[in-house]
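Have a look at the structure below, then the notes.
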Amino acid sequence: MSAIASAPKSYSTIQKALHWLVAAMIVGQLVLGETMTDAWRAFEKSGDLTGFSSPVVLFHIWGGLSIVAFAVWRLVLRKTQGVPEIPAEEPAMLKLAAAGTHIGLYALMVLAPISGALAYFGGVDAAAEVHEIMKPLMILLVAAHVAGALYQHFWLKTDVLKRMTHG
């Protein structure tokens, strides 16, 4: 595959669709994740597997596996289709914060489902602990990502948000 000759002005339709699909799935994982935690604790305490048949638990498992697949797909699209350039007038610290936030989000989109799968399917207790730590990190990074997009749109008046919505 060849490198992108020039950066696109906006994200592709599939990049936008995957972004918003994964965003919705992450919110669902964060909101409904406690059901998985409850089922896991019940299993550890009594060996009771009935909690794992809950549709919410199944959503958490399949949702997590889907998120890692979609995140990898998004990374491939970033490489093959490119992404719009950061506005030239953006302050250097904001560019650094945006890059760090994106790297952190992609890392968590891959590592959180992997750690969850290792805990659930492999019974790796350390992976379960790491998985639990990732939830507040994900909330923090999602909040920073949203705040950054809104700051770009309303304060700096750039097209950063529009490029992921309708740009």
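By convention here, the chains of the structure tokens are called A, B, ... in the order presented, each chain's residues are numbered starting at 1, and ligands are numbered starting at 1 in the order presented.
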Test item: residues at most 9 Å from Gln29 of chain A, only C-alpha atoms, excluding those fewer than 4 positions along its chain, as an MDAnalysis selection string = chainID A and resid 24:25 33:34 59:60 63:64
Selection: 9 Å around Phe52 of chain A, only C-alpha atoms, excl. self and same-chain fewer than 5 positions, as a PyMOL selection string | chain A and resi 36+39-40+43+57-58
For the selection just defined, write its residues with all heavy atoms to a file, as a PDB file, in the first residue's frame.
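Saved as result_13.pdb:
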ATOM      1  N   MET A  36     -21.465  -6.890  34.175  1.00  0.00           N
ATOM      2  CA  MET A  36     -20.405  -7.891  33.968  1.00  0.00           C
ATOM      3  C   MET A  36     -19.622  -8.088  35.258  1.00  0.00           C
ATOM      4  O   MET A  36     -19.309  -9.218  35.637  1.00  0.00           O
ATOM      5  CB  MET A  36     -19.479  -7.429  32.839  1.00  0.00           C
ATOM      6  CG  MET A  36     -18.391  -8.399  32.521  1.00  0.00           C
ATOM      7  SD  MET A  36     -19.091  -9.904  31.825  1.00  0.00           S
ATOM      8  CE  MET A  36     -17.621 -10.853  31.570  1.00  0.00           C
ATOM      9  N   ALA A  39     -21.665 -10.192  37.629  1.00  0.00           N
ATOM     10  CA  ALA A  39     -21.680 -11.597  37.222  1.00  0.00           C
ATOM     11  C   ALA A  39     -20.345 -12.262  37.546  1.00  0.00           C
ATOM     12  O   ALA A  39     -20.306 -13.402  38.021  1.00  0.00           O
ATOM     13  CB  ALA A  39     -21.981 -11.710  35.726  1.00  0.00           C
ATOM     14  N   TRP A  40     -19.268 -11.545  37.338  1.00  0.00           N
ATOM     15  CA  TRP A  40     -17.940 -12.097  37.611  1.00  0.00           C
ATOM     16  C   TRP A  40     -17.758 -12.352  39.106  1.00  0.00           C
ATOM     17  O   TRP A  40     -17.259 -13.401  39.517  1.00  0.00           O
ATOM     18  CB  TRP A  40     -16.855 -11.162  37.092  1.00  0.00           C
ATOM     19  CG  TRP A  40     -15.488 -11.731  37.257  1.00  0.00           C
ATOM     20  CD1 TRP A  40     -14.566 -11.418  38.213  1.00  0.00           C
ATOM     21  CD2 TRP A  40     -14.878 -12.742  36.463  1.00  0.00           C
ATOM     22  NE1 TRP A  40     -13.427 -12.161  38.059  1.00  0.00           N
ATOM     23  CE2 TRP A  40     -13.596 -12.985  36.982  1.00  0.00           C
ATOM     24  CE3 TRP A  40     -15.300 -13.468  35.360  1.00  0.00           C
ATOM     25  CZ2 TRP A  40     -12.730 -13.927  36.442  1.00  0.00           C
ATOM     26  CZ3 TRP A  40     -14.430 -14.400  34.811  1.00  0.00           C
ATOM     27  CH2 TRP A  40     -13.164 -14.620  35.354  1.00  0.00           C
ATOM     28  N   PHE A  43     -19.675 -15.338  40.211  1.00  0.00           N
ATOM     29  CA  PHE A  43     -18.990 -16.554  39.784  1.00  0.00           C
ATOM     30  C   PHE A  43     -17.809 -16.863  40.711  1.00  0.00           C
ATOM     31  O   PHE A  43     -17.626 -18.012  41.132  1.00  0.00           O
ATOM     32  CB  PHE A  43     -18.502 -16.407  38.336  1.00  0.00           C
ATOM     33  CG  PHE A  43     -17.579 -17.509  37.908  1.00  0.00           C
ATOM     34  CD1 PHE A  43     -18.067 -18.788  37.695  1.00  0.00           C
ATOM     35  CD2 PHE A  43     -16.236 -17.273  37.734  1.00  0.00           C
ATOM     36  CE1 PHE A  43     -17.228 -19.813  37.297  1.00  0.00           C
ATOM     37  CE2 PHE A  43     -15.378 -18.284  37.339  1.00  0.00           C
ATOM     38  CZ  PHE A  43     -15.872 -19.561  37.120  1.00  0.00           C
ATOM     39  N   VAL A  57     -24.554  -8.887  29.842  1.00  0.00           N
ATOM     40  CA  VAL A  57     -23.216  -9.478  29.954  1.00  0.00           C
ATOM     41  C   VAL A  57     -22.733  -9.908  28.574  1.00  0.00           C
ATOM     42  O   VAL A  57     -21.580  -9.655  28.203  1.00  0.00           O
ATOM     43  CB  VAL A  57     -23.212 -10.650  30.951  1.00  0.00           C
ATOM     44  CG1 VAL A  57     -21.921 -11.436  30.861  1.00  0.00           C
ATOM     45  CG2 VAL A  57     -23.426 -10.133  32.368  1.00  0.00           C
ATOM     46  N   LEU A  58     -23.606 -10.535  27.805  1.00  0.00           N
ATOM     47  CA  LEU A  58     -23.222 -10.948  26.462  1.00  0.00           C
ATOM     48  C   LEU A  58     -22.889  -9.740  25.590  1.00  0.00           C
ATOM     49  O   LEU A  58     -21.949  -9.776  24.793  1.00  0.00           O
ATOM     50  CB  LEU A  58     -24.322 -11.803  25.835  1.00  0.00           C
ATOM     51  CG  LEU A  58     -24.578 -13.143  26.534  1.00  0.00           C
ATOM     52  CD1 LEU A  58     -25.769 -13.853  25.918  1.00  0.00           C
ATOM     53  CD2 LEU A  58     -23.332 -14.018  26.502  1.00  0.00           C
TER      54      LEU A  58
END
Any idea what's packed within 10 Å of Thr165 of chain A, counting only C-alpha atoms, ignoring anything in its chain fewer than 4 positions away? Could you give it as a ChimeraX atom specification?
-> /A:10-11,13,16-17,19-20,159-161
Can I get the residues of segment 101-155 of chain A within 12 Å of segment 79-93 of chain A, each with the closest pair of atoms and their distance in Å to one decimal, using only C-alpha atoms, sorted chain first then ascending number, as CSV?
residue,atom,partner,partner_atom,distance
A:Gly148,CA,A:Glu90,CA,11.6
A:Ala149,CA,A:Ile86,CA,11.9
A:Tyr151,CA,A:Glu90,CA,11.3
A:Gln152,CA,A:Glu90,CA,8.9
A:His153,CA,A:Pro87,CA,11.8
A:Trp155,CA,A:Glu90,CA,11.5
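Among the candidates A:Val27, A:Ala7, A:Ala97, A:Leu32, the residue lying nearest to Pro55 of chain A is A:Leu32 (atoms considered: only C-alpha atoms).
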Which of segment 48-152 of chain A counts as alpha helix (DSSP H) under DSSP, as a PyMOL selection string please?
-> chain A and resi 55-81+92-122+125-150
Within 8 Å of segment 111-123 of chain A using only C-alpha atoms, minus same-chain residues under 2 positions, as a list in words =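 Using only C-alpha atoms, the neighbours found are Ile61, Gly64, Leu65, Ile67, Val68, Ala107, Leu108, Met109, Asp125, Ala126, Ala127, Ala128, Val130, His131 and Met134 of chain A.
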